[in-house]
file coords_2.tsv (TSV, C-alpha atoms and all ligand atoms)
chain	number	residue	atom	x	y	z
A	287	MET	CA	-7.42	0.40	-17.09
A	288	THR	CA	-7.08	-2.63	-19.39
A	289	ASP	CA	-9.39	-5.66	-19.28
A	290	THR	CA	-6.45	-7.68	-17.95
A	291	ALA	CA	-6.19	-5.44	-14.86
A	292	LYS	CA	-6.21	-7.50	-11.68
A	293	VAL	CA	-6.76	-6.90	-7.99
A	294	VAL	CA	-3.45	-7.70	-6.30
A	295	ALA	CA	-2.93	-7.88	-2.53
A	296	VAL	CA	0.72	-7.51	-1.47
A	297	THR	CA	1.99	-8.26	2.05
A	298	GLY	CA	5.15	-6.53	3.23
A	299	ALA	CA	4.67	-3.65	0.80
A	300	SER	CA	6.29	-0.98	2.98
A	301	SER	CA	9.85	-1.56	1.69
A	302	GLY	CA	12.13	-3.55	-0.61
A	303	ILE	CA	10.63	-6.14	-2.92
A	304	GLY	CA	7.02	-5.59	-1.82
A	305	GLU	CA	7.26	-1.86	-2.41
A	306	ALA	CA	8.87	-2.35	-5.84
A	307	THR	CA	6.20	-4.93	-6.71
A	308	ALA	CA	3.40	-2.55	-5.76
A	309	ARG	CA	4.91	0.17	-7.91
A	310	ARG	CA	5.48	-2.14	-10.87
A	311	LEU	CA	2.09	-3.87	-10.84
A	312	ALA	CA	0.27	-0.54	-10.40
A	313	ALA	CA	2.20	0.83	-13.38
A	314	ASP	CA	0.97	-2.20	-15.36
A	315	GLY	CA	-2.63	-1.12	-14.58
A	316	HIS	CA	-3.38	-3.53	-11.74
A	317	ARG	CA	-5.24	-2.37	-8.61
A	318	VAL	CA	-2.91	-2.95	-5.67
A	319	PHE	CA	-3.95	-3.39	-2.05
A	320	LEU	CA	-0.97	-3.02	0.26
A	321	GLY	CA	-0.28	-4.35	3.75
A	322	ALA	CA	2.49	-4.03	6.35
A	323	ARG	CA	2.91	-2.66	9.87
A	324	ARG	CA	4.53	0.67	8.91
A	325	THR	CA	1.47	2.52	7.66
A	326	ASP	CA	3.35	5.80	7.17
A	327	ARG	CA	5.36	4.07	4.43
A	328	LEU	CA	2.23	2.52	2.90
A	329	ASP	CA	0.46	5.86	2.96
A	330	ALA	CA	3.33	7.56	1.11
A	331	LEU	CA	3.55	4.73	-1.46
A	332	THR	CA	-0.20	4.75	-2.03
A	333	ARG	CA	-0.14	8.51	-2.61
A	334	GLU	CA	2.77	8.15	-5.03
A	335	ILE	CA	1.02	5.42	-7.04
A	336	THR	CA	-2.27	7.33	-7.09
A	337	ALA	CA	-0.53	10.55	-8.17
A	338	ALA	CA	0.99	8.60	-11.08
A	339	GLY	CA	-2.51	7.53	-12.19
A	340	GLY	CA	-2.55	4.10	-10.55
A	341	THR	CA	-5.02	2.52	-8.13
A	342	ALA	CA	-3.72	1.70	-4.66
A	343	ASP	CA	-5.08	1.33	-1.13
A	344	PHE	CA	-3.47	0.14	2.05
A	345	ARG	CA	-4.34	-1.39	5.38
A	346	ARG	CA	-2.19	-2.05	8.43
A	347	LEU	CA	-1.28	-5.73	8.49
A	348	ASP	CA	0.60	-8.05	10.81
A	349	VAL	CA	0.93	-11.38	9.00
A	350	THR	CA	1.61	-13.24	12.26
A	351	ASN	CA	-2.05	-12.71	13.19
A	352	ALA	CA	-4.44	-14.93	11.19
A	353	ALA	CA	-7.47	-12.75	11.94
A	354	ASP	CA	-5.59	-9.69	10.76
A	355	VAL	CA	-4.65	-11.39	7.47
A	356	ASN	CA	-8.31	-12.36	7.00
A	357	SER	CA	-9.38	-8.76	7.58
A	358	PHE	CA	-6.75	-7.55	5.11
A	359	VAL	CA	-7.98	-9.86	2.34
A	360	SER	CA	-11.63	-9.11	3.18
A	361	ALA	CA	-10.91	-5.38	2.94
A	362	ALA	CA	-9.33	-5.85	-0.49
A	363	ARG	CA	-12.37	-7.80	-1.66
A	364	GLU	CA	-14.80	-5.25	-0.22
A	365	ARG	CA	-12.91	-2.47	-1.97
A	366	HIS	CA	-12.66	-4.14	-5.39
A	367	GLY	CA	-15.13	-7.04	-5.38
A	368	ARG	CA	-12.44	-9.70	-5.83
A	369	VAL	CA	-8.82	-10.66	-5.12
A	370	ASP	CA	-7.06	-12.06	-8.17
A	371	VAL	CA	-3.50	-12.25	-6.89
A	372	MET	CA	-2.13	-12.67	-3.37
A	373	VAL	CA	1.57	-11.84	-3.11
A	374	ASN	CA	2.80	-13.43	0.15
A	375	ASN	CA	5.98	-11.38	0.43
A	376	ALA	CA	6.39	-10.22	4.05
A	377	GLY	CA	9.54	-11.64	5.60
A	378	VAL	CA	12.29	-11.18	8.17
A	379	MET	CA	15.84	-12.55	8.26
A	380	PRO	CA	17.49	-12.30	11.70
A	381	LEU	CA	20.35	-14.70	10.90
A	382	SER	CA	22.54	-16.29	13.57
A	383	PRO	CA	24.32	-19.59	14.23
A	384	LEU	CA	22.07	-22.12	15.94
A	385	GLU	CA	24.44	-22.26	18.91
A	386	ALA	CA	23.69	-18.60	19.64
A	387	LEU	CA	20.25	-19.90	20.74
A	388	ARG	CA	18.37	-16.80	19.64
A	389	VAL	CA	15.12	-18.69	20.12
A	390	GLU	CA	12.85	-15.63	19.94
A	391	GLU	CA	14.30	-14.82	16.52
A	392	TRP	CA	13.70	-18.40	15.36
A	393	ASP	CA	10.09	-18.02	16.44
A	394	ARG	CA	9.75	-14.68	14.67
A	395	MET	CA	11.10	-16.11	11.40
A	396	ILE	CA	8.68	-19.04	11.60
A	397	ASP	CA	5.79	-16.75	12.53
A	398	VAL	CA	6.35	-14.23	9.73
A	399	ASN	CA	7.98	-16.29	6.98
A	400	VAL	CA	5.98	-19.53	7.33
A	401	ARG	CA	2.80	-18.89	9.32
A	402	GLY	CA	2.38	-15.56	7.51
A	403	VAL	CA	2.32	-17.34	4.14
A	404	LEU	CA	-0.10	-20.00	5.44
A	405	TYR	CA	-2.40	-17.32	6.86
A	406	GLY	CA	-2.29	-15.58	3.47
A	407	ILE	CA	-3.38	-18.80	1.79
A	408	ALA	CA	-6.08	-19.41	4.41
A	409	ALA	CA	-7.47	-15.92	3.88
A	410	ALA	CA	-7.32	-15.72	0.09
A	411	LEU	CA	-8.01	-19.30	-1.05
A	412	PRO	CA	-11.75	-19.29	-0.15
A	413	VAL	CA	-12.14	-15.91	-1.88
A	414	MET	CA	-10.41	-17.21	-5.00
A	415	ARG	CA	-12.44	-20.43	-4.99
A	416	ALA	CA	-15.69	-18.48	-4.64
A	417	GLN	CA	-14.84	-16.16	-7.54
A	418	GLY	CA	-13.67	-19.02	-9.78
A	419	GLY	CA	-9.89	-18.62	-9.63
A	420	GLY	CA	-6.87	-16.78	-8.41
A	421	HIS	CA	-3.10	-16.68	-8.24
A	422	PHE	CA	-0.69	-16.97	-5.30
A	423	VAL	CA	2.78	-15.52	-5.67
A	424	ASN	CA	4.84	-16.69	-2.70
A	425	ILE	CA	8.24	-15.12	-2.14
A	426	ALA	CA	10.83	-17.67	-1.05
A	427	SER	CA	14.60	-17.25	-1.54
A	428	VAL	CA	17.66	-18.99	-2.91
A	429	GLY	CA	17.60	-20.21	0.70
A	430	ALA	CA	14.68	-22.43	-0.35
A	431	TYR	CA	17.19	-24.50	-2.35
A	432	GLU	CA	20.36	-24.45	-0.26
A	433	VAL	CA	21.48	-23.92	3.33
A	434	VAL	CA	24.38	-21.78	4.51
A	435	PRO	CA	25.76	-21.28	8.04
A	436	THR	CA	23.74	-18.82	10.19
A	437	ALA	CA	20.74	-19.33	7.91
A	438	ALA	CA	19.43	-22.71	9.11
A	439	VAL	CA	16.11	-21.43	10.44
A	440	TYR	CA	15.65	-18.86	7.68
A	441	CYS	CA	16.31	-21.54	5.04
A	442	ALA	CA	14.04	-24.01	6.85
A	443	GLY	CA	11.26	-21.45	6.59
A	444	LYS	CA	11.92	-20.86	2.90
A	445	PHE	CA	12.13	-24.62	2.20
A	446	ALA	CA	8.71	-24.77	3.89
A	447	VAL	CA	7.32	-22.00	1.69
A	448	ARG	CA	8.55	-23.93	-1.34
A	449	ALA	CA	6.92	-27.14	-0.10
A	450	ILE	CA	3.66	-25.38	0.74
A	451	SER	CA	3.59	-23.71	-2.68
A	452	GLU	CA	4.18	-26.99	-4.49
A	453	GLY	CA	1.50	-28.70	-2.39
A	454	LEU	CA	-1.00	-25.96	-3.14
A	455	ARG	CA	-0.21	-26.20	-6.85
A	456	GLN	CA	-0.71	-29.98	-6.89
A	457	GLU	CA	-4.01	-29.69	-5.05
A	458	SER	CA	-5.34	-27.23	-7.61
A	459	ARG	CA	-6.05	-29.87	-10.20
A	460	ASP	CA	-8.83	-27.96	-11.94
A	461	GLY	CA	-6.29	-25.28	-12.80
A	462	SER	CA	-8.25	-22.40	-11.34
A	463	ILE	CA	-5.65	-21.65	-8.65
A	464	ARG	CA	-2.20	-20.77	-9.96
A	465	VAL	CA	0.87	-20.81	-7.74
A	466	THR	CA	4.16	-19.08	-8.44
A	467	LEU	CA	7.21	-19.33	-6.19
A	468	VAL	CA	9.63	-16.45	-6.70
A	469	SER	CA	13.05	-16.99	-5.14
A	470	PRO	CA	15.35	-13.99	-5.06
A	471	GLY	CA	19.08	-14.03	-4.54
A	472	VAL	CA	20.65	-11.07	-2.78
A	473	THR	CA	18.47	-8.03	-3.42
A	474	GLU	CA	18.69	-4.45	-2.17
A	475	SER	CA	16.19	-4.01	0.66
A	476	GLU	CA	15.99	-3.55	4.41
A	477	LEU	CA	16.03	-7.31	5.05
A	478	ALA	CA	19.54	-7.51	6.58
A	479	ASP	CA	18.59	-4.78	9.09
A	480	SER	CA	16.79	-7.48	11.09
A	481	ILE	CA	20.06	-9.32	11.85
A	482	GLY	CA	20.82	-8.86	15.55
A	483	ASP	CA	23.71	-11.34	15.88
A	484	PRO	CA	26.94	-9.26	15.46
A	485	ALA	CA	28.99	-11.99	13.69
A	486	ALA	CA	26.18	-12.88	11.28
A	487	ARG	CA	25.63	-9.20	10.57
A	488	GLU	CA	29.32	-8.71	9.74
A	489	ALA	CA	29.42	-11.85	7.54
A	490	MET	CA	26.42	-10.60	5.55
A	491	LYS	CA	28.24	-7.44	4.49
A	492	SER	CA	30.45	-9.25	1.99
A	493	TYR	CA	27.74	-11.82	1.11
A	494	ARG	CA	25.35	-9.00	0.23
A	495	ALA	CA	27.89	-6.77	-1.55
A	496	GLU	CA	26.56	-7.79	-4.98
A	497	ALA	CA	22.82	-7.15	-4.94
A	498	LEU	CA	19.98	-6.87	-7.44
A	499	PRO	CA	17.66	-3.89	-7.39
A	500	ALA	CA	14.25	-4.81	-5.94
A	501	SER	CA	12.75	-3.87	-9.30
A	502	ALA	CA	14.39	-7.00	-10.81
A	503	ILE	CA	12.25	-9.19	-8.55
A	504	ALA	CA	9.17	-7.08	-9.24
A	505	GLU	CA	9.81	-7.71	-12.93
A	506	ALA	CA	9.74	-11.49	-12.36
A	507	ILE	CA	6.49	-11.19	-10.41
A	508	ALA	CA	4.95	-9.01	-13.13
A	509	TYR	CA	5.90	-11.64	-15.72
A	510	ALA	CA	4.14	-14.43	-13.81
A	511	VAL	CA	1.06	-12.27	-13.14
A	512	SER	CA	0.78	-11.25	-16.81
A	513	GLN	CA	0.47	-14.80	-18.16
A	514	PRO	CA	-2.85	-16.00	-19.56
A	515	ALA	CA	-5.07	-17.99	-17.16
A	516	ARG	CA	-4.02	-21.40	-18.49
A	517	VAL	CA	-0.30	-20.68	-17.99
A	518	ASP	CA	1.07	-21.25	-14.48
A	519	VAL	CA	4.67	-20.11	-14.01
A	520	ASN	CA	5.66	-22.31	-11.09
A	521	GLU	CA	9.14	-21.25	-10.01
A	522	ILE	CA	11.42	-18.33	-10.79
A	523	VAL	CA	14.90	-17.99	-9.27
A	524	VAL	CA	16.56	-14.61	-9.81
A	525	ARG	CA	20.17	-14.11	-8.74
A	526	PRO	CA	22.71	-11.38	-9.39
A	527	ALA	CA	24.69	-12.54	-12.45
A	528	ALA	CA	27.90	-12.34	-10.40
A	529	SER	CA	26.66	-14.60	-7.60
A	530	ALA	CA	28.08	-18.04	-6.76
A	531	GLN	CA	25.40	-18.98	-4.21
B	601	LIG	P1	12.43	-5.74	3.56
B	601	LIG	O1	12.91	-5.86	4.97
B	601	LIG	O2	12.79	-4.52	2.80
B	601	LIG	O3	10.86	-5.94	3.49
B	601	LIG	C1	10.19	-6.86	4.33
B	601	LIG	C2	8.73	-6.49	4.38
B	601	LIG	O4	8.05	-7.42	5.24
B	601	LIG	C3	8.48	-5.09	4.94
B	601	LIG	O5	7.53	-4.45	4.16
B	601	LIG	C4	7.95	-5.37	6.33
B	601	LIG	O6	7.01	-4.36	6.68
B	601	LIG	C5	7.24	-6.69	6.11
B	601	LIG	N1	7.00	-7.40	7.35
B	601	LIG	C6	7.88	-7.87	8.26
B	601	LIG	N2	7.24	-8.42	9.30
B	601	LIG	C7	5.92	-8.28	9.05
B	601	LIG	C8	4.75	-8.64	9.75
B	601	LIG	N3	4.78	-9.25	10.96
B	601	LIG	N4	3.55	-8.34	9.21
B	601	LIG	C9	3.48	-7.72	8.01
B	601	LIG	N5	4.54	-7.35	7.30
B	601	LIG	C10	5.75	-7.63	7.82
B	601	LIG	O7	12.99	-7.03	2.83
B	601	LIG	P2	12.74	-7.65	1.36
B	601	LIG	O8	11.98	-6.75	0.51
B	601	LIG	O9	14.05	-8.14	0.90
B	601	LIG	O10	11.88	-8.95	1.76
B	601	LIG	C11	10.74	-9.36	1.03
B	601	LIG	C12	10.76	-10.88	0.88
B	601	LIG	O11	11.84	-11.24	0.04
B	601	LIG	C13	10.96	-11.64	2.20
B	601	LIG	O12	10.10	-12.75	2.24
B	601	LIG	C14	12.41	-12.10	2.11
B	601	LIG	O13	12.65	-13.25	2.88
B	601	LIG	C15	12.53	-12.34	0.62
B	601	LIG	N6	13.90	-12.38	0.12
B	601	LIG	C16	14.68	-11.26	0.09
B	601	LIG	C17	15.99	-11.33	-0.34
B	601	LIG	C18	16.90	-10.14	-0.31
B	601	LIG	O14	18.12	-10.30	-0.52
B	601	LIG	N7	16.39	-8.92	-0.11
B	601	LIG	C19	16.57	-12.59	-0.85
B	601	LIG	C20	15.66	-13.69	-0.78
B	601	LIG	C21	14.38	-13.59	-0.33
B	601	LIG	P3	6.76	-3.76	8.15
B	601	LIG	O15	8.06	-3.86	8.90
B	601	LIG	O16	6.33	-2.36	7.86
B	601	LIG	O17	5.66	-4.60	8.71
call {"tool": "encode", "arguments": {"input": "coords_2.tsv", "output": "structure tokens"}}
result
Amino acid sequence: MTDTAKVVAVTGASSGIGEATARRLAADGHRVFLGARRTDRLDALTREITAAGGTADFRRLDVTNAADVNSFVSAARERHGRVDVMVNNAGVMPLSPLEALRVEEWDRMIDVNVRGVLYGIAAALPVMRAQGGGHFVNIASVGAYEVVPTAAVYCAGKFAVRAISEGLRQESRDGSIRVTLVSPGVTESELADSIGDPAAREAMKSYRAEALPASAIAEAIAYAVSQPARVDVNEIVVRPAASAQ
């Protein structure tokens, strides 16, 4: 392990971008602590990383539960003595037009995509302050910059993550807390599986035809994490080259 190895907690590490990020950061020598609800996936990923010579642990995590997020971060700190990077990645995207009134899905998006990020900050910020610094990597979306039909609530949540990240950055005037917002365009993952509305699901097929591998987003996260302490990469937007949106 190098002296730049960090302890990195990743939410939503059981698939897609979180899984690719865990793999990539572990390969860079960081100690990853992985959370999601599907522990069978986390168990398999942890074994794979460990077999490849990396350091990984996991804990079941539901980011909609503040106490659970606290326990997750506490477990990472107990295991490794500190938490250097908190990757708030867990997300869902059950798109639908507002007039479909899928209110439970609106709530779920707000609970996971917005409250989940806030709970991650609430859990990790005191730990980072106590240890003298830390780094939040919050995963937003191109939907944090623009709105498209069926995505009003999803985009609202991602706009919120962008606002929260910028606020956190501005409040960290002593420079000890770094904040990076990573906003992917269409990326291969299981995200579109959460779309229940039939029309929105159909529309997404062509929208998502051109997709980045999740490793491309992991690469952007690894870049931000690898910077020296005085360098804060604030925002990274990564789209497929052949994408208009
Ligand atoms: P996936 O569906 O593949 O991964 C989502 C992850 O979030 C899973 O690991 C899932 O784990 C986890 N998750 C969902 N709900 C919860 C919860 N309540 N508690 C804990 N974990 C939860 O999609 P992506 O990898 O694409 O999504 C990762 C992030 O990237 C999201 O924030 C998404 O909005 C964002 N993004 C993705 C884009 C894309 O095109 N793929 C584009 C723009 C942004 P589990 O179900 O096991 O709990």
call {"tool": "residues_near_ligand", "arguments": {"input": "coords_2.tsv", "ligand": "ligand LIG 601 (chain B)", "cutoff": "8 Å", "atoms": "all atoms listed in the file", "output": "PDB file with C-alpha atoms, in the frame of the given file"}}
result
ATOM      1  CA  THR A 297       1.990  -8.260   2.050  1.00  0.00           C
ATOM      2  CA  GLY A 298       5.150  -6.530   3.230  1.00  0.00           C
ATOM      3  CA  ALA A 299       4.670  -3.650   0.800  1.00  0.00           C
ATOM      4  CA  SER A 300       6.290  -0.980   2.980  1.00  0.00           C
ATOM      5  CA  SER A 301       9.850  -1.560   1.690  1.00  0.00           C
ATOM      6  CA  GLY A 302      12.130  -3.550  -0.610  1.00  0.00           C
ATOM      7  CA  ILE A 303      10.630  -6.140  -2.920  1.00  0.00           C
ATOM      8  CA  GLY A 304       7.020  -5.590  -1.820  1.00  0.00           C
ATOM      9  CA  GLU A 305       7.260  -1.860  -2.410  1.00  0.00           C
ATOM     10  CA  GLY A 321      -0.280  -4.350   3.750  1.00  0.00           C
ATOM     11  CA  ALA A 322       2.490  -4.030   6.350  1.00  0.00           C
ATOM     12  CA  ARG A 323       2.910  -2.660   9.870  1.00  0.00           C
ATOM     13  CA  ARG A 324       4.530   0.670   8.910  1.00  0.00           C
ATOM     14  CA  THR A 325       1.470   2.520   7.660  1.00  0.00           C
ATOM     15  CA  ARG A 327       5.360   4.070   4.430  1.00  0.00           C
ATOM     16  CA  LEU A 347      -1.280  -5.730   8.490  1.00  0.00           C
ATOM     17  CA  ASP A 348       0.600  -8.050  10.810  1.00  0.00           C
ATOM     18  CA  VAL A 349       0.930 -11.380   9.000  1.00  0.00           C
ATOM     19  CA  THR A 350       1.610 -13.240  12.260  1.00  0.00           C
ATOM     20  CA  ASN A 351      -2.050 -12.710  13.190  1.00  0.00           C
ATOM     21  CA  ASN A 374       2.800 -13.430   0.150  1.00  0.00           C
ATOM     22  CA  ASN A 375       5.980 -11.380   0.430  1.00  0.00           C
ATOM     23  CA  ALA A 376       6.390 -10.220   4.050  1.00  0.00           C
ATOM     24  CA  GLY A 377       9.540 -11.640   5.600  1.00  0.00           C
ATOM     25  CA  VAL A 378      12.290 -11.180   8.170  1.00  0.00           C
ATOM     26  CA  MET A 379      15.840 -12.550   8.260  1.00  0.00           C
ATOM     27  CA  ASP A 397       5.790 -16.750  12.530  1.00  0.00           C
ATOM     28  CA  VAL A 398       6.350 -14.230   9.730  1.00  0.00           C
ATOM     29  CA  ASN A 399       7.980 -16.290   6.980  1.00  0.00           C
ATOM     30  CA  GLY A 402       2.380 -15.560   7.510  1.00  0.00           C
ATOM     31  CA  ILE A 425       8.240 -15.120  -2.140  1.00  0.00           C
ATOM     32  CA  ALA A 426      10.830 -17.670  -1.050  1.00  0.00           C
ATOM     33  CA  SER A 427      14.600 -17.250  -1.540  1.00  0.00           C
ATOM     34  CA  VAL A 428      17.660 -18.990  -2.910  1.00  0.00           C
ATOM     35  CA  GLY A 429      17.600 -20.210   0.700  1.00  0.00           C
ATOM     36  CA  TYR A 440      15.650 -18.860   7.680  1.00  0.00           C
ATOM     37  CA  LYS A 444      11.920 -20.860   2.900  1.00  0.00           C
ATOM     38  CA  SER A 469      13.050 -16.990  -5.140  1.00  0.00           C
ATOM     39  CA  PRO A 470      15.350 -13.990  -5.060  1.00  0.00           C
ATOM     40  CA  GLY A 471      19.080 -14.030  -4.540  1.00  0.00           C
ATOM     41  CA  VAL A 472      20.650 -11.070  -2.780  1.00  0.00           C
ATOM     42  CA  THR A 473      18.470  -8.030  -3.420  1.00  0.00           C
ATOM     43  CA  GLU A 474      18.690  -4.450  -2.170  1.00  0.00           C
ATOM     44  CA  SER A 475      16.190  -4.010   0.660  1.00  0.00           C
ATOM     45  CA  GLU A 476      15.990  -3.550   4.410  1.00  0.00           C
ATOM     46  CA  LEU A 477      16.030  -7.310   5.050  1.00  0.00           C
ATOM     47  CA  ALA A 478      19.540  -7.510   6.580  1.00  0.00           C
ATOM     48  CA  ASP A 479      18.590  -4.780   9.090  1.00  0.00           C
ATOM     49  CA  SER A 480      16.790  -7.480  11.090  1.00  0.00           C
ATOM     50  CA  ARG A 494      25.350  -9.000   0.230  1.00  0.00           C
ATOM     51  CA  ALA A 497      22.820  -7.150  -4.940  1.00  0.00           C
ATOM     52  CA  LEU A 498      19.980  -6.870  -7.440  1.00  0.00           C
ATOM     53  CA  ALA A 500      14.250  -4.810  -5.940  1.00  0.00           C
TER      54      ALA A 500
END
call {"tool": "closest_atom_pairs", "arguments": {"input": "coords_2.tsv", "of": "stretch 391-451 of chain A", "to": "stretch 505-518 of chain A", "cutoff": "12 Å", "atoms": "only C-alpha atoms", "output": "CSV"}}
result
residue,atom,partner,partner_atom,distance
A:Gly418,CA,A:Ala515,CA,11.4
A:Gly419,CA,A:Ala515,CA,9.0
A:Gly420,CA,A:Ala515,CA,9.0
A:His421,CA,A:Val511,CA,7.8
A:Phe422,CA,A:Val511,CA,9.3
A:Val423,CA,A:Ile507,CA,7.4
A:Asn424,CA,A:Ile507,CA,9.6
A:Ile425,CA,A:Ile507,CA,9.3
call {"tool": "closest_residue", "arguments": {"input": "coords_2.tsv", "among": "A:Ala438, A:Leu387, A:Val465, A:Ala308", "to": "A:Val519", "atoms": "only C-alpha atoms"}}
result
A:Val465
call {"tool": "atom_distance", "arguments": {"input": "coords_2.tsv", "atom1": "atom CA of A:His366", "atom2": "atom CA of A:Tyr405"}}
result
20.7 Å
call {"tool": "closest_residue", "arguments": {"input": "coords_2.tsv", "among": "A:Asp343, A:Glu385, A:Pro484, A:Glu496", "to": "A:Ala530", "atoms": "all atoms listed in the file"}}
result
A:Glu496
call {"tool": "atom_distance", "arguments": {"input": "coords_2.tsv", "atom1": "atom CA of A:Pro499", "atom2": "atom CA of A:Arg455"}}
result
28.6 Å
call {"tool": "axis_aligned_box", "arguments": {"input": "coords_2.tsv", "around": "stretch 472-488 of chain A", "padding_each_side": "4 Å", "output": "JSON"}}
result
{"center_x": 22.7, "center_y": -8.2, "center_z": 6.2, "size_x": 21.3, "size_y": 17.3, "size_z": 27.3}
call {"tool": "atom_distance", "arguments": {"input": "coords_2.tsv", "atom1": "atom CA of A:Ser492", "atom2": "atom CA of A:Pro380"}}
result
16.5 Å
call {"tool": "residues_near_point", "arguments": {"input": "coords_2.tsv", "point": "(7.4, -23.2, -1.6)", "cutoff": "9 Å", "atoms": "all atoms listed in the file", "output": "ChimeraX atom specification"}}
result
/A:424-426,430,444-454,466-468,521
call {"tool": "closest_residue", "arguments": {"input": "coords_2.tsv", "among": "A:Ala495, A:Thr341, A:Met372, A:Pro383", "to": "A:Ala409", "atoms": "only C-alpha atoms"}}
result
A:Met372
call {"tool": "residues_around", "arguments": {"input": "coords_2.tsv", "residues": "A:Leu384", "least_positions_apart": "4", "cutoff": "9 Å", "atoms": "only C-alpha atoms", "output": "ChimeraX atom specification"}}
result
/A:388-389,435-439
call {"tool": "closest_residue", "arguments": {"input": "coords_2.tsv", "among": "A:Arg464, A:Arg363, A:Arg394, A:Arg317", "to": "A:Val293", "atoms": "all atoms listed in the file"}}
result
A:Arg317
call {"tool": "closest_residue", "arguments": {"input": "coords_2.tsv", "among": "A:Ala291, A:Arg415, A:Asn520, A:Leu381", "to": "A:Val433", "atoms": "all atoms listed in the file"}}
result
A:Leu381
call {"tool": "residues_near_point", "arguments": {"input": "coords_2.tsv", "point": "(18.8, -14.4, -14.5)", "cutoff": "10 Å", "atoms": "all atoms listed in the file", "output": "list in words"}}
result
Gly471, Ala502, Ala506, Ile522, Val523, Val524, Arg525, Pro526 and Ala527 of chain A
call {"tool": "closest_residue", "arguments": {"input": "coords_2.tsv", "among": "A:Arg365, A:Lys491, A:Arg401, A:His316", "to": "A:Ile335", "atoms": "all atoms listed in the file"}}
result
A:His316
call {"tool": "build_atoms", "arguments": {"input": "coords_2.tsv", "residues": "stretch 410-424 of chain A", "atoms": "N, CA and C atoms", "output": "short mmCIF file (atom, residue, chain, number, x, y, z; two decimals), keeping the file's coordinate frame"}}
result
data_model
loop_
_atom_site.label_atom_id
_atom_site.label_comp_id
_atom_site.auth_asym_id
_atom_site.auth_seq_id
_atom_site.Cartn_x
_atom_site.Cartn_y
_atom_site.Cartn_z
N ALA A 410 -7.01 -16.02 1.49
CA ALA A 410 -7.32 -15.72 0.09
C ALA A 410 -7.89 -16.91 -0.68
N LEU A 411 -7.56 -18.14 -0.28
CA LEU A 411 -8.01 -19.30 -1.05
C LEU A 411 -9.55 -19.39 -1.14
N PRO A 412 -10.27 -19.22 -0.03
CA PRO A 412 -11.75 -19.29 -0.15
C PRO A 412 -12.31 -18.19 -1.06
N VAL A 413 -11.70 -17.02 -1.01
CA VAL A 413 -12.14 -15.91 -1.88
C VAL A 413 -11.91 -16.28 -3.34
N MET A 414 -10.73 -16.83 -3.61
CA MET A 414 -10.41 -17.21 -5.00
C MET A 414 -11.30 -18.34 -5.48
N ARG A 415 -11.54 -19.32 -4.61
CA ARG A 415 -12.44 -20.43 -4.99
C ARG A 415 -13.83 -19.90 -5.31
N ALA A 416 -14.33 -19.00 -4.46
CA ALA A 416 -15.69 -18.48 -4.64
C ALA A 416 -15.82 -17.68 -5.93
N GLN A 417 -14.76 -17.00 -6.33
CA GLN A 417 -14.84 -16.16 -7.54
C GLN A 417 -14.40 -16.91 -8.80
N GLY A 418 -13.98 -18.18 -8.62
CA GLY A 418 -13.67 -19.02 -9.78
C GLY A 418 -12.20 -19.07 -10.16
N GLY A 419 -11.32 -18.49 -9.34
CA GLY A 419 -9.89 -18.62 -9.63
C GLY A 419 -9.06 -17.54 -8.97
N GLY A 420 -7.78 -17.75 -9.00
CA GLY A 420 -6.87 -16.78 -8.41
C GLY A 420 -5.44 -17.25 -8.53
N HIS A 421 -4.52 -16.44 -8.02
CA HIS A 421 -3.10 -16.68 -8.24
C HIS A 421 -2.32 -16.32 -6.97
N PHE A 422 -1.59 -17.26 -6.42
CA PHE A 422 -0.69 -16.97 -5.30
C PHE A 422 0.72 -16.79 -5.83
N VAL A 423 1.35 -15.71 -5.40
CA VAL A 423 2.78 -15.52 -5.67
C VAL A 423 3.47 -15.50 -4.30
N ASN A 424 4.18 -16.57 -4.00
CA ASN A 424 4.84 -16.69 -2.70
C ASN A 424 6.33 -16.39 -2.87
#
